[in-house]
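> Contents of upload.cif (mmCIF, C-alpha atoms and all ligand atoms; chains and numbers go by the auth columns) are given next:
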data_upload
loop_
_atom_site.group_PDB
_atom_site.id
_atom_site.type_symbol
_atom_site.label_atom_id
_atom_site.label_comp_id
_atom_site.label_asym_id
_atom_site.label_seq_id
_atom_site.Cartn_x
_atom_site.Cartn_y
_atom_site.Cartn_z
_atom_site.B_iso_or_equiv
_atom_site.auth_seq_id
_atom_site.auth_asym_id
ATOM 1 C CA MET A 1 -43.544 1.750 32.599 0.00 24 A
ATOM 2 C CA LEU A 2 -45.584 4.378 30.761 0.00 25 A
ATOM 3 C CA ARG A 3 -45.304 4.174 26.987 0.00 26 A
ATOM 4 C CA ARG A 4 -46.129 7.596 25.586 0.00 27 A
ATOM 5 C CA GLU A 5 -48.283 6.533 22.676 0.00 28 A
ATOM 6 C CA MET A 6 -51.986 7.370 22.604 0.00 29 A
ATOM 7 C CA PRO A 7 -54.312 4.314 22.543 0.00 30 A
ATOM 8 C CA PRO A 8 -56.908 4.485 19.717 0.00 31 A
ATOM 9 C CA ALA A 9 -59.890 6.765 20.409 0.00 32 A
ATOM 10 C CA ASP A 10 -62.296 3.789 20.505 0.00 33 A
ATOM 11 C CA THR A 11 -60.359 2.047 23.328 0.00 34 A
ATOM 12 C CA ARG A 12 -62.931 1.276 26.005 0.00 35 A
ATOM 13 C CA GLY A 13 -60.987 -0.177 28.917 0.00 36 A
ATOM 14 C CA GLY A 14 -57.667 -1.045 30.534 0.00 37 A
ATOM 15 C CA TRP A 15 -55.894 0.461 33.529 0.00 38 A
ATOM 16 C CA LEU A 16 -57.703 3.289 35.277 0.00 39 A
ATOM 17 C CA LEU A 17 -56.317 5.937 37.606 0.00 40 A
ATOM 18 C CA ARG A 18 -58.885 7.925 39.605 0.00 41 A
ATOM 19 C CA LEU A 19 -58.115 11.443 40.764 0.00 42 A
ATOM 20 C CA SER A 20 -60.081 14.056 42.642 0.00 43 A
ATOM 21 C CA GLU A 21 -59.199 17.730 43.164 0.00 44 A
ATOM 22 C CA LYS A 22 -57.134 16.817 46.220 0.00 45 A
ATOM 23 C CA GLY A 23 -56.443 13.113 46.181 0.00 46 A
ATOM 24 C CA VAL A 24 -55.729 9.910 44.318 0.00 47 A
ATOM 25 C CA ALA A 25 -57.956 6.867 44.847 0.00 48 A
ATOM 26 C CA PRO A 26 -56.263 3.673 46.029 0.00 49 A
ATOM 27 C CA ALA A 27 -57.227 0.588 43.987 0.00 50 A
ATOM 28 C CA ALA A 28 -59.337 -2.169 45.558 0.00 51 A
ATOM 29 C CA ASP A 29 -56.245 -3.680 47.232 0.00 52 A
ATOM 30 C CA GLY A 30 -55.830 -0.400 49.140 0.00 53 A
ATOM 31 C CA LYS A 31 -52.233 0.051 47.960 0.00 54 A
ATOM 32 C CA SER A 32 -51.940 0.256 44.176 0.00 55 A
ATOM 33 C CA LEU A 33 -52.346 3.372 42.161 0.00 56 A
ATOM 34 C CA MET A 34 -54.670 1.960 39.512 0.00 57 A
ATOM 35 C CA GLU A 35 -56.913 -0.947 38.701 0.00 58 A
ATOM 36 C CA ARG A 36 -58.142 -2.780 35.632 0.00 59 A
ATOM 37 C CA ARG A 37 -61.538 -1.854 34.244 0.00 60 A
ATOM 38 C CA GLU A 38 -63.300 -3.694 31.477 0.00 61 A
ATOM 39 C CA THR A 39 -65.076 -0.445 30.620 0.00 62 A
ATOM 40 C CA TRP A 40 -63.769 3.001 31.485 0.00 63 A
ATOM 41 C CA PRO A 41 -66.244 5.674 32.652 0.00 64 A
ATOM 42 C CA GLU A 42 -67.297 8.407 30.212 0.00 65 A
ATOM 43 C CA GLY A 43 -64.848 11.246 29.555 0.00 66 A
ATOM 44 C CA VAL A 44 -61.609 9.564 30.651 0.00 67 A
ATOM 45 C CA LEU A 45 -58.362 11.034 29.412 0.00 68 A
ATOM 46 C CA ARG A 46 -56.143 8.398 27.853 0.00 69 A
ATOM 47 C CA LEU A 47 -52.497 8.612 28.915 0.00 70 A
ATOM 48 C CA GLY A 48 -50.748 5.879 26.927 0.00 71 A
ATOM 49 C CA TYR A 49 -49.868 2.277 27.707 0.00 72 A
ATOM 50 C CA TRP A 50 -48.900 0.884 31.073 0.00 73 A
ATOM 51 C CA ASN A 51 -47.048 -2.421 30.608 0.00 74 A
ATOM 52 C CA ASP A 52 -48.624 -2.706 27.142 0.00 75 A
ATOM 53 C CA GLU A 53 -52.205 -2.161 28.327 0.00 76 A
ATOM 54 C CA PRO A 54 -54.051 1.101 27.706 0.00 77 A
ATOM 55 C CA VAL A 55 -54.147 3.425 30.726 0.00 78 A
ATOM 56 C CA ALA A 56 -56.482 6.350 31.333 0.00 79 A
ATOM 57 C CA VAL A 57 -57.254 8.819 34.096 0.00 80 A
ATOM 58 C CA THR A 58 -60.602 10.051 35.313 0.00 81 A
ATOM 59 C CA VAL A 59 -61.488 12.898 37.674 0.00 82 A
ATOM 60 C CA GLU A 60 -64.198 12.211 40.257 0.00 83 A
ATOM 61 C CA ALA A 61 -65.628 13.950 43.289 0.00 84 A
ATOM 62 C CA GLY A 62 -63.547 11.642 45.495 0.00 85 A
ATOM 63 C CA ASP A 63 -63.551 11.726 49.269 0.00 86 A
ATOM 64 C CA ASP A 64 -61.289 12.748 52.132 0.00 87 A
ATOM 65 C CA SER A 65 -59.895 9.245 52.536 0.00 88 A
ATOM 66 C CA TRP A 66 -58.008 9.483 49.246 0.00 89 A
ATOM 67 C CA PRO A 67 -54.327 10.177 49.950 0.00 90 A
ATOM 68 C CA ALA A 68 -52.802 13.373 48.539 0.00 91 A
ATOM 69 C CA PRO A 69 -50.542 13.073 45.483 0.00 92 A
ATOM 70 C CA ARG A 70 -47.460 13.977 47.546 0.00 93 A
ATOM 71 C CA ASP A 71 -48.146 11.075 49.902 0.00 94 A
ATOM 72 C CA TRP A 72 -48.331 8.738 46.933 0.00 95 A
ATOM 73 C CA LEU A 73 -45.062 10.011 45.470 0.00 96 A
ATOM 74 C CA ALA A 74 -43.298 9.081 48.703 0.00 97 A
ATOM 75 C CA GLN A 75 -44.061 5.401 48.131 0.00 98 A
ATOM 76 C CA LEU A 76 -44.303 4.880 44.359 0.00 99 A
ATOM 77 C CA SER A 77 -41.623 3.527 42.044 0.00 100 A
ATOM 78 C CA PRO A 78 -40.052 6.064 39.638 0.00 101 A
ATOM 79 C CA ALA A 79 -42.155 4.642 36.769 0.00 102 A
ATOM 80 C CA GLU A 80 -45.398 4.962 38.757 0.00 103 A
ATOM 81 C CA SER A 81 -44.399 8.468 39.861 0.00 104 A
ATOM 82 C CA GLU A 82 -43.983 9.417 36.217 0.00 105 A
ATOM 83 C CA LEU A 83 -47.443 8.070 35.422 0.00 106 A
ATOM 84 C CA LEU A 84 -49.008 9.961 38.331 0.00 107 A
ATOM 85 C CA ALA A 85 -47.157 13.169 37.419 0.00 108 A
ATOM 86 C CA THR A 86 -48.470 12.876 33.870 0.00 109 A
ATOM 87 C CA ALA A 87 -52.036 12.217 35.030 0.00 110 A
ATOM 88 C CA LEU A 88 -52.030 15.161 37.448 0.00 111 A
ATOM 89 C CA GLN A 89 -50.654 17.581 34.896 0.00 112 A
ATOM 90 C CA VAL A 90 -52.883 16.678 31.973 0.00 113 A
ATOM 91 C CA THR A 91 -56.064 16.645 34.078 0.00 114 A
ATOM 92 C CA HIS A 92 -55.268 20.051 35.608 0.00 115 A
ATOM 93 C CA TRP A 93 -54.427 21.418 32.192 0.00 116 A
ATOM 94 C CA GLU A 94 -57.671 20.130 30.699 0.00 117 A
ATOM 95 C CA ARG A 95 -59.679 21.607 33.579 0.00 118 A
ATOM 96 C CA ASP A 96 -58.014 25.004 33.133 0.00 119 A
ATOM 97 C CA HIS A 97 -58.146 25.229 29.327 0.00 120 A
ATOM 98 C CA ARG A 98 -61.794 24.722 28.508 0.00 121 A
ATOM 99 C CA PHE A 99 -61.899 28.083 26.728 0.00 122 A
ATOM 100 C CA CYS A 100 -59.585 29.557 24.135 0.00 123 A
ATOM 101 C CA GLY A 101 -57.091 32.028 25.623 0.00 124 A
ATOM 102 C CA ARG A 102 -57.138 34.070 22.423 0.00 125 A
ATOM 103 C CA CYS A 103 -60.830 34.335 21.462 0.00 126 A
ATOM 104 C CA GLY A 104 -62.765 32.889 24.412 0.00 127 A
ATOM 105 C CA HIS A 105 -64.531 30.169 22.417 0.00 128 A
ATOM 106 C CA PRO A 106 -64.991 26.745 24.106 0.00 129 A
ATOM 107 C CA THR A 107 -62.180 24.336 23.197 0.00 130 A
ATOM 108 C CA ARG A 108 -62.324 20.622 22.515 0.00 131 A
ATOM 109 C CA ARG A 109 -59.877 17.915 23.432 0.00 132 A
ATOM 110 C CA LEU A 110 -57.991 16.289 20.563 0.00 133 A
ATOM 111 C CA LEU A 111 -57.867 12.525 20.742 0.00 134 A
ATOM 112 C CA HIS A 112 -54.483 11.673 19.259 0.00 135 A
ATOM 113 C CA GLU A 113 -52.326 13.883 21.508 0.00 136 A
ATOM 114 C CA PHE A 114 -52.510 16.091 24.598 0.00 137 A
ATOM 115 C CA ALA A 115 -53.945 19.198 22.965 0.00 138 A
ATOM 116 C CA MET A 116 -57.005 21.459 23.237 0.00 139 A
ATOM 117 C CA GLN A 117 -58.253 22.851 19.974 0.00 140 A
ATOM 118 C CA CYS A 118 -60.227 26.067 19.365 0.00 141 A
ATOM 119 C CA ASP A 119 -62.435 25.536 16.315 0.00 142 A
ATOM 120 C CA ASN A 120 -63.248 29.237 16.115 0.00 143 A
ATOM 121 C CA CYS A 121 -59.775 30.753 15.678 0.00 144 A
ATOM 122 C CA GLY A 122 -57.626 27.620 15.264 0.00 145 A
ATOM 123 C CA LEU A 123 -55.458 28.109 18.356 0.00 146 A
ATOM 124 C CA ARG A 124 -54.163 24.846 19.757 0.00 147 A
ATOM 125 C CA GLY A 125 -53.060 24.642 23.362 0.00 148 A
ATOM 126 C CA TYR A 126 -50.714 22.064 24.865 0.00 149 A
ATOM 127 C CA PRO A 127 -50.136 21.157 28.510 0.00 150 A
ATOM 128 C CA ARG A 128 -48.048 23.761 30.247 0.00 151 A
ATOM 129 C CA ILE A 129 -44.672 22.706 31.608 0.00 152 A
ATOM 130 C CA SER A 130 -42.715 25.235 33.669 0.00 153 A
ATOM 131 C CA PRO A 131 -38.958 24.703 33.639 0.00 154 A
ATOM 132 C CA CYS A 132 -37.201 25.423 36.926 0.00 155 A
ATOM 133 C CA ILE A 133 -33.620 25.151 38.034 0.00 156 A
ATOM 134 C CA ILE A 134 -32.760 23.493 41.304 0.00 157 A
ATOM 135 C CA THR A 135 -29.174 23.686 42.433 0.00 158 A
ATOM 136 C CA LEU A 136 -26.884 22.498 45.173 0.00 159 A
ATOM 137 C CA VAL A 137 -24.217 25.139 45.730 0.00 160 A
ATOM 138 C CA THR A 138 -21.031 23.547 47.018 0.00 161 A
ATOM 139 C CA HIS A 139 -17.680 24.757 48.333 0.00 162 A
ATOM 140 C CA GLY A 140 -15.327 21.811 48.689 0.00 163 A
ATOM 141 C CA LYS A 141 -17.216 19.346 50.871 0.00 164 A
ATOM 142 C CA ASP A 142 -19.642 21.931 52.190 0.00 165 A
ATOM 143 C CA MET A 143 -23.164 22.528 50.954 0.00 166 A
ATOM 144 C CA LEU A 144 -25.160 25.731 50.945 0.00 167 A
ATOM 145 C CA LEU A 145 -28.714 24.987 52.067 0.00 168 A
ATOM 146 C CA ALA A 146 -31.527 27.435 52.659 0.00 169 A
ATOM 147 C CA ARG A 147 -34.936 27.743 54.266 0.00 170 A
ATOM 148 C CA SER A 148 -37.988 29.066 52.505 0.00 171 A
ATOM 149 C CA PRO A 149 -40.739 30.512 54.741 0.00 172 A
ATOM 150 C CA ARG A 150 -43.052 27.794 53.329 0.00 173 A
ATOM 151 C CA PHE A 151 -40.918 24.906 54.644 0.00 174 A
ATOM 152 C CA PRO A 152 -41.743 22.786 57.697 0.00 175 A
ATOM 153 C CA PRO A 153 -39.787 23.990 60.764 0.00 176 A
ATOM 154 C CA GLN A 154 -36.044 23.084 60.731 0.00 177 A
ATOM 155 C CA ARG A 155 -36.104 21.957 57.076 0.00 178 A
ATOM 156 C CA TYR A 156 -33.337 23.199 54.756 0.00 179 A
ATOM 157 C CA SER A 157 -33.031 22.532 51.047 0.00 180 A
ATOM 158 C CA THR A 158 -31.250 23.421 47.826 0.00 181 A
ATOM 159 C CA LEU A 159 -32.038 26.629 45.935 0.00 182 A
ATOM 160 C CA ALA A 160 -34.640 26.677 43.185 0.00 183 A
ATOM 161 C CA GLY A 161 -36.427 29.070 40.879 0.00 184 A
ATOM 162 C CA PHE A 162 -38.271 29.411 37.607 0.00 185 A
ATOM 163 C CA ILE A 163 -36.424 30.039 34.371 0.00 186 A
ATOM 164 C CA GLU A 164 -37.599 33.324 32.890 0.00 187 A
ATOM 165 C CA PRO A 165 -38.778 33.790 29.293 0.00 188 A
ATOM 166 C CA GLY A 166 -35.791 34.175 26.999 0.00 189 A
ATOM 167 C CA GLU A 167 -33.317 33.030 29.624 0.00 190 A
ATOM 168 C CA ALA A 168 -30.761 30.206 29.231 0.00 191 A
ATOM 169 C CA VAL A 169 -30.844 27.478 31.869 0.00 192 A
ATOM 170 C CA GLU A 170 -27.257 28.002 33.108 0.00 193 A
ATOM 171 C CA ALA A 171 -27.894 31.746 33.366 0.00 194 A
ATOM 172 C CA ALA A 172 -30.945 31.019 35.524 0.00 195 A
ATOM 173 C CA VAL A 173 -28.762 28.979 37.904 0.00 196 A
ATOM 174 C CA ARG A 174 -26.333 31.888 38.360 0.00 197 A
ATOM 175 C CA ARG A 175 -29.097 34.473 38.688 0.00 198 A
ATOM 176 C CA GLU A 176 -31.154 32.525 41.242 0.00 199 A
ATOM 177 C CA VAL A 177 -28.122 31.815 43.426 0.00 200 A
ATOM 178 C CA MET A 178 -27.094 35.476 43.309 0.00 201 A
ATOM 179 C CA GLU A 179 -30.641 36.720 44.025 0.00 202 A
ATOM 180 C CA GLU A 180 -31.410 34.331 46.858 0.00 203 A
ATOM 181 C CA VAL A 181 -28.107 34.100 48.727 0.00 204 A
ATOM 182 C CA GLY A 182 -25.782 36.674 47.091 0.00 205 A
ATOM 183 C CA VAL A 183 -23.178 34.082 46.122 0.00 206 A
ATOM 184 C CA GLU A 184 -21.340 34.066 42.827 0.00 207 A
ATOM 185 C CA VAL A 185 -20.887 30.627 41.309 0.00 208 A
ATOM 186 C CA GLY A 186 -18.111 29.266 39.090 0.00 209 A
ATOM 187 C CA ARG A 187 -18.551 25.916 37.414 0.00 210 A
ATOM 188 C CA VAL A 188 -22.130 24.709 36.907 0.00 211 A
ATOM 189 C CA SER A 189 -22.800 21.080 35.965 0.00 212 A
ATOM 190 C CA PHE A 190 -26.025 19.313 35.075 0.00 213 A
ATOM 191 C CA PHE A 191 -27.171 16.474 37.368 0.00 214 A
ATOM 192 C CA LYS A 192 -30.563 15.246 36.110 0.00 215 A
ATOM 193 C CA SER A 193 -34.148 16.400 35.844 0.00 216 A
ATOM 194 C CA GLN A 194 -37.417 15.471 37.530 0.00 217 A
ATOM 195 C CA SER A 195 -41.021 16.270 36.780 0.00 218 A
ATOM 196 C CA TRP A 196 -42.655 17.953 39.769 0.00 219 A
ATOM 197 C CA PRO A 197 -46.412 18.106 39.159 0.00 220 A
ATOM 198 C CA PHE A 198 -47.265 20.840 41.695 0.00 221 A
ATOM 199 C CA PRO A 199 -48.646 22.120 39.473 0.00 222 A
ATOM 200 C CA HIS A 200 -46.463 21.665 36.372 0.00 223 A
ATOM 201 C CA SER A 201 -42.770 22.155 37.062 0.00 224 A
ATOM 202 C CA LEU A 202 -39.891 20.438 35.370 0.00 225 A
ATOM 203 C CA MET A 203 -36.998 20.603 37.827 0.00 226 A
ATOM 204 C CA MET A 204 -33.563 20.673 36.200 0.00 227 A
ATOM 205 C CA GLY A 205 -30.935 19.803 38.762 0.00 228 A
ATOM 206 C CA PHE A 206 -27.436 21.300 38.824 0.00 229 A
ATOM 207 C CA PHE A 207 -24.353 21.360 40.999 0.00 230 A
ATOM 208 C CA ALA A 208 -22.855 24.847 41.260 0.00 231 A
ATOM 209 C CA GLU A 209 -19.431 25.565 42.724 0.00 232 A
ATOM 210 C CA ALA A 210 -19.374 28.710 44.829 0.00 233 A
ATOM 211 C CA ALA A 211 -16.679 31.275 44.080 0.00 234 A
ATOM 212 C CA SER A 212 -16.948 32.656 47.633 0.00 235 A
ATOM 213 C CA ARG A 213 -18.545 31.670 50.943 0.00 236 A
ATOM 214 C CA ARG A 214 -20.125 34.912 52.075 0.00 237 A
ATOM 215 C CA ILE A 215 -23.944 34.626 52.192 0.00 238 A
ATOM 216 C CA ARG A 216 -26.382 37.507 51.873 0.00 239 A
ATOM 217 C CA ILE A 217 -29.994 36.298 51.975 0.00 240 A
ATOM 218 C CA ASP A 218 -32.835 38.146 50.286 0.00 241 A
ATOM 219 C CA GLY A 219 -35.131 37.769 53.337 0.00 242 A
ATOM 220 C CA GLU A 220 -38.234 37.045 51.238 0.00 243 A
ATOM 221 C CA GLU A 221 -37.862 33.852 49.228 0.00 244 A
ATOM 222 C CA ILE A 222 -35.189 32.731 51.703 0.00 245 A
ATOM 223 C CA VAL A 223 -35.363 33.291 55.468 0.00 246 A
ATOM 224 C CA ASP A 224 -32.109 31.558 56.376 0.00 247 A
ATOM 225 C CA ALA A 225 -29.163 30.023 54.547 0.00 248 A
ATOM 226 C CA ALA A 226 -25.932 28.491 55.776 0.00 249 A
ATOM 227 C CA TRP A 227 -23.015 26.250 54.862 0.00 250 A
ATOM 228 C CA PHE A 228 -23.335 22.704 56.150 0.00 251 A
ATOM 229 C CA THR A 229 -20.694 19.979 56.324 0.00 252 A
ATOM 230 C CA PRO A 230 -21.726 16.485 55.132 0.00 253 A
ATOM 231 C CA GLU A 231 -21.339 15.250 58.736 0.00 254 A
ATOM 232 C CA ARG A 232 -23.756 17.775 60.229 0.00 255 A
ATOM 233 C CA LEU A 233 -26.757 18.301 58.017 0.00 256 A
ATOM 234 C CA PRO A 234 -30.099 19.829 59.017 0.00 257 A
ATOM 235 C CA GLN A 235 -33.488 18.239 58.376 0.00 258 A
ATOM 236 C CA LEU A 236 -33.651 17.539 54.624 0.00 259 A
ATOM 237 C CA PRO A 237 -36.388 17.203 51.974 0.00 260 A
ATOM 238 C CA PRO A 238 -37.865 13.725 51.299 0.00 261 A
ATOM 239 C CA VAL A 239 -35.735 11.104 49.551 0.00 262 A
ATOM 240 C CA TYR A 240 -37.793 11.071 46.362 0.00 263 A
ATOM 241 C CA SER A 241 -37.109 14.778 45.712 0.00 264 A
ATOM 242 C CA ILE A 242 -34.350 15.801 43.324 0.00 265 A
ATOM 243 C CA SER A 243 -33.171 18.217 46.002 0.00 266 A
ATOM 244 C CA ARG A 244 -32.385 15.357 48.366 0.00 267 A
ATOM 245 C CA GLN A 245 -30.766 13.400 45.542 0.00 268 A
ATOM 246 C CA LEU A 246 -28.433 16.329 44.797 0.00 269 A
ATOM 247 C CA ILE A 247 -27.442 16.444 48.471 0.00 270 A
ATOM 248 C CA GLU A 248 -26.945 12.683 48.778 0.00 271 A
ATOM 249 C CA THR A 249 -24.949 12.508 45.548 0.00 272 A
ATOM 250 C CA HIS A 250 -22.588 15.229 46.731 0.00 273 A
ATOM 251 C CA ARG A 251 -22.316 13.633 50.171 0.00 274 A
ATOM 252 C CA GLY A 252 -21.454 10.281 48.571 0.00 275 A
ATOM 253 C CA ALA A 253 -18.878 11.863 46.258 0.00 276 A
ATOM 254 C CA VAL A 254 -16.998 13.716 49.005 0.00 277 A
ATOM 255 C CA ALA A 255 -17.082 10.726 51.375 0.00 278 A
ATOM 256 C CA THR A 256 -15.005 8.694 48.952 0.00 279 A
ATOM 257 C CA ARG A 257 -12.590 11.502 48.156 0.00 280 A
HETATM 258 ZN ZN ZN B . -59.963 30.720 19.743 0.00 1 B
#
How would this structure read if it were set down as structure tokens?

Amino acid sequence: MLRREMPPADTRGGWLLRLSEKGVAPAADGKSLMERRETWPEGVLRLGYWNDEPVAVTVEAGDDSWPAPRDWLAQLSPAESELLATALQVTHWERDHRFCGRCGHPTRRLLHEFAMQCDNCGLRGYPRISPCIITLVTHGKDMLLARSPRFPPQRYSTLAGFIEPGEAVEAAVRREVMEEVGVEVGRVSFFKSQSWPFPHSLMMGFFAEAASRRIRIDGEEIVDAAWFTPERLPQLPPVYSISRQLIETHRGAVATR
């Protein structure tokens, strides 16, 4: 498990996770996500403690044999997924925030927390997290699932969208469902949340009860949407996604009704 406490700045070794722009290096055993190093390479970013030992991430040139982060997420435990999500997000953030967004001066990484400091104007930047809603719209047993043009062929999923500045989370659920499929929803209930590091989303999962069944798709974000019964579902997202967990939770709940 990742303990979110920064190891002292003079920590020299411990667990090491190696990322490249596109992949994540397997450890020497070919399977694990990280390995122990007596001495970390220069410039590592410390993440916290993994099972009470310091853990850090480094970014290297890598090679094409390194599996993509999504492939790793399909096989990691929830605790390892959290560690990988953290490593991906903080390394991308550091790469993209080398200069101050206000005055353009080079920034420097602070050592006691995830923050980039501008010594010229004092602005301090923190890793960006983008909250999104993801919702399974239900009507009795049935589930409303939709296809985005970016999906693999035949795949259907729950609806999702970014929360806008100034907007409440529940309002974002109602707005996204209305925009994407033209359905008004009644009761909205929180399920759980999941970090989704592509590149920095925080997915907040909800169940939303439809007030009517008539679907009107927007044709851009959504190319098809339909009601599905639990007995006849289309091809679904992978099991580690919160989308799939929403679907399976609903399916389990109505099966025992
Ligand atoms: Zn500045």
> Quick one: of A:Leu99, A:Cys126, A:Met57, A:Val47, who's nearest to Asp87 in chain A, counting only C-alpha atoms?
A:Val47
> Any idea what's packed within 12 Å of Ala248 in chain A, counting all atoms listed in the file, ignoring anything in its chain fewer than 4 positions away? Could you give it as a ChimeraX atom specification?
/A:160,166-172,177-182,200,203-206,236-244,257
> What does the PyMOL selection byres (((chain A and resi 128) around 12) and not hetatm) select in this file, as a short mmCIF file (atom, residue, chain, number, x, y, z; two decimals) with C-alpha atoms, in the coordinates of the input?

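Generated output (selection_39.cif):
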data_model
loop_
_atom_site.label_atom_id
_atom_site.label_comp_id
_atom_site.auth_asym_id
_atom_site.auth_seq_id
_atom_site.Cartn_x
_atom_site.Cartn_y
_atom_site.Cartn_z
CA HIS A 120 -58.15 25.23 29.33
CA ARG A 121 -61.79 24.72 28.51
CA PHE A 122 -61.90 28.08 26.73
CA CYS A 123 -59.58 29.56 24.14
CA GLY A 124 -57.09 32.03 25.62
CA ARG A 125 -57.14 34.07 22.42
CA CYS A 126 -60.83 34.34 21.46
CA GLY A 127 -62.76 32.89 24.41
CA PRO A 129 -64.99 26.74 24.11
CA THR A 130 -62.18 24.34 23.20
CA ARG A 131 -62.32 20.62 22.52
CA MET A 139 -57.00 21.46 23.24
CA GLN A 140 -58.25 22.85 19.97
CA CYS A 141 -60.23 26.07 19.36
CA ASP A 142 -62.44 25.54 16.32
CA ASN A 143 -63.25 29.24 16.11
CA CYS A 144 -59.78 30.75 15.68
CA GLY A 145 -57.63 27.62 15.26
CA LEU A 146 -55.46 28.11 18.36
CA ARG A 147 -54.16 24.85 19.76
#
> Evaluate the PyMOL selection byres (((chain A and resi 210) around 8) and not hetatm) on the structure here and hand back the selected residues as an MDAnalysis selection string.
chainID A and resid 208:209 211:212 231:233
> Taking C-alpha atoms for each residue, export the selection above as an mmCIF file, in the coordinates of the input.

data_model
loop_
_atom_site.group_PDB
_atom_site.id
_atom_site.type_symbol
_atom_site.label_atom_id
_atom_site.label_comp_id
_atom_site.auth_asym_id
_atom_site.auth_seq_id
_atom_site.Cartn_x
_atom_site.Cartn_y
_atom_site.Cartn_z
ATOM 1 C CA VAL A 208 -20.887 30.627 41.309
ATOM 2 C CA GLY A 209 -18.111 29.266 39.090
ATOM 3 C CA VAL A 211 -22.130 24.709 36.907
ATOM 4 C CA SER A 212 -22.800 21.080 35.965
ATOM 5 C CA ALA A 231 -22.855 24.847 41.260
ATOM 6 C CA GLU A 232 -19.431 25.565 42.724
ATOM 7 C CA ALA A 233 -19.374 28.710 44.829
#
> With 8 Å as the threshold, what does the neighbourhood of (-51.6, 13.8, 27.0) contain in terms of residues, counting all atoms listed in the file? Coordinates are those of the file; answer as a PDB file with C-alpha atoms, in the frame of the given file.

ATOM      1  CA  MET A  29     -51.986   7.370  22.604  1.00  0.00           C
ATOM      2  CA  LEU A  68     -58.362  11.034  29.412  1.00  0.00           C
ATOM      3  CA  ARG A  69     -56.143   8.398  27.853  1.00  0.00           C
ATOM      4  CA  LEU A  70     -52.497   8.612  28.915  1.00  0.00           C
ATOM      5  CA  GLY A  71     -50.748   5.879  26.927  1.00  0.00           C
ATOM      6  CA  THR A 109     -48.470  12.876  33.870  1.00  0.00           C
ATOM      7  CA  VAL A 113     -52.883  16.678  31.973  1.00  0.00           C
ATOM      8  CA  GLU A 136     -52.326  13.883  21.508  1.00  0.00           C
ATOM      9  CA  PHE A 137     -52.510  16.091  24.598  1.00  0.00           C
ATOM     10  CA  ALA A 138     -53.945  19.198  22.965  1.00  0.00           C
ATOM     11  CA  PRO A 150     -50.136  21.157  28.510  1.00  0.00           C
TER      12      PRO A 150
END
> Residues within 12 Å of Ala51 in chain A, please, as an NGL selection string. Count all atoms listed in the file; anything in the same chain fewer than 5 positions from it doesn't count.
:A and (39-41 or 56-60)
> Measuring between all atoms listed in the file, which one of A:Gln112, A:Thr158, A:Ser55, A:Gly148 shows the shortest distance to ligand ZN 1 (chain B)?
A:Gly148
> Just how far from CA of Asp119 in chain A is CA of Thr34 in chain A, in Å to one decimal?
25.1 Å
> Could you tell me how far CA of Trp63 in chain A lies from CA of Pro31 in chain A, in Å and to one decimal?
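CA of Trp63 in chain A sits 13.7 Å away from CA of Pro31 in chain A.
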> Nearest to Pro253 in chain A among A:Glu65, A:Glu202, A:Asp165, A:Asp86, with distances taken over all atoms listed in the file: which residue is it?
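Nearest candidate to Pro253 in chain A out of A:Glu65, A:Glu202, A:Asp165, A:Asp86: A:Asp165.
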> What does the structure give for the distance between CA of Pro220 in chain A and CA of Arg132 in chain A, in Å to one decimal?
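Taking CA of Pro220 in chain A and CA of Arg132 in chain A, their separation equals 20.7 Å.
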> With N, CA and C atoms as the target, complete range 141-150 of chain A and hand it back as a compact mmCIF listing (two decimals), in the coordinates of the input.

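Saved the output as part_10.txt:
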# COMPACT_ATOMS: atom_id res chain seq x y z
N CYS A 141 -59.15 25.09 19.52
CA CYS A 141 -60.23 26.07 19.36
C CYS A 141 -60.68 26.01 17.91
N ASP A 142 -61.94 25.64 17.69
CA ASP A 142 -62.44 25.54 16.32
C ASP A 142 -62.84 26.89 15.75
N ASN A 143 -62.88 27.91 16.59
CA ASN A 143 -63.25 29.24 16.11
C ASN A 143 -62.05 29.96 15.49
N CYS A 144 -60.93 30.01 16.21
CA CYS A 144 -59.78 30.75 15.68
C CYS A 144 -58.60 29.86 15.32
N GLY A 145 -58.68 28.55 15.66
CA GLY A 145 -57.63 27.62 15.26
C GLY A 145 -56.50 27.48 16.27
N LEU A 146 -56.54 28.22 17.37
CA LEU A 146 -55.46 28.11 18.36
C LEU A 146 -55.46 26.72 18.98
N ARG A 147 -54.27 26.16 19.13
CA ARG A 147 -54.16 24.85 19.76
C ARG A 147 -53.29 25.00 21.00
N GLY A 148 -53.81 24.51 22.11
CA GLY A 148 -53.06 24.64 23.36
C GLY A 148 -52.55 23.29 23.83
N TYR A 149 -51.34 23.28 24.36
CA TYR A 149 -50.71 22.06 24.86
C TYR A 149 -50.50 22.20 26.37
N PRO A 150 -50.35 21.06 27.06
CA PRO A 150 -50.14 21.16 28.51
C PRO A 150 -48.93 22.04 28.83
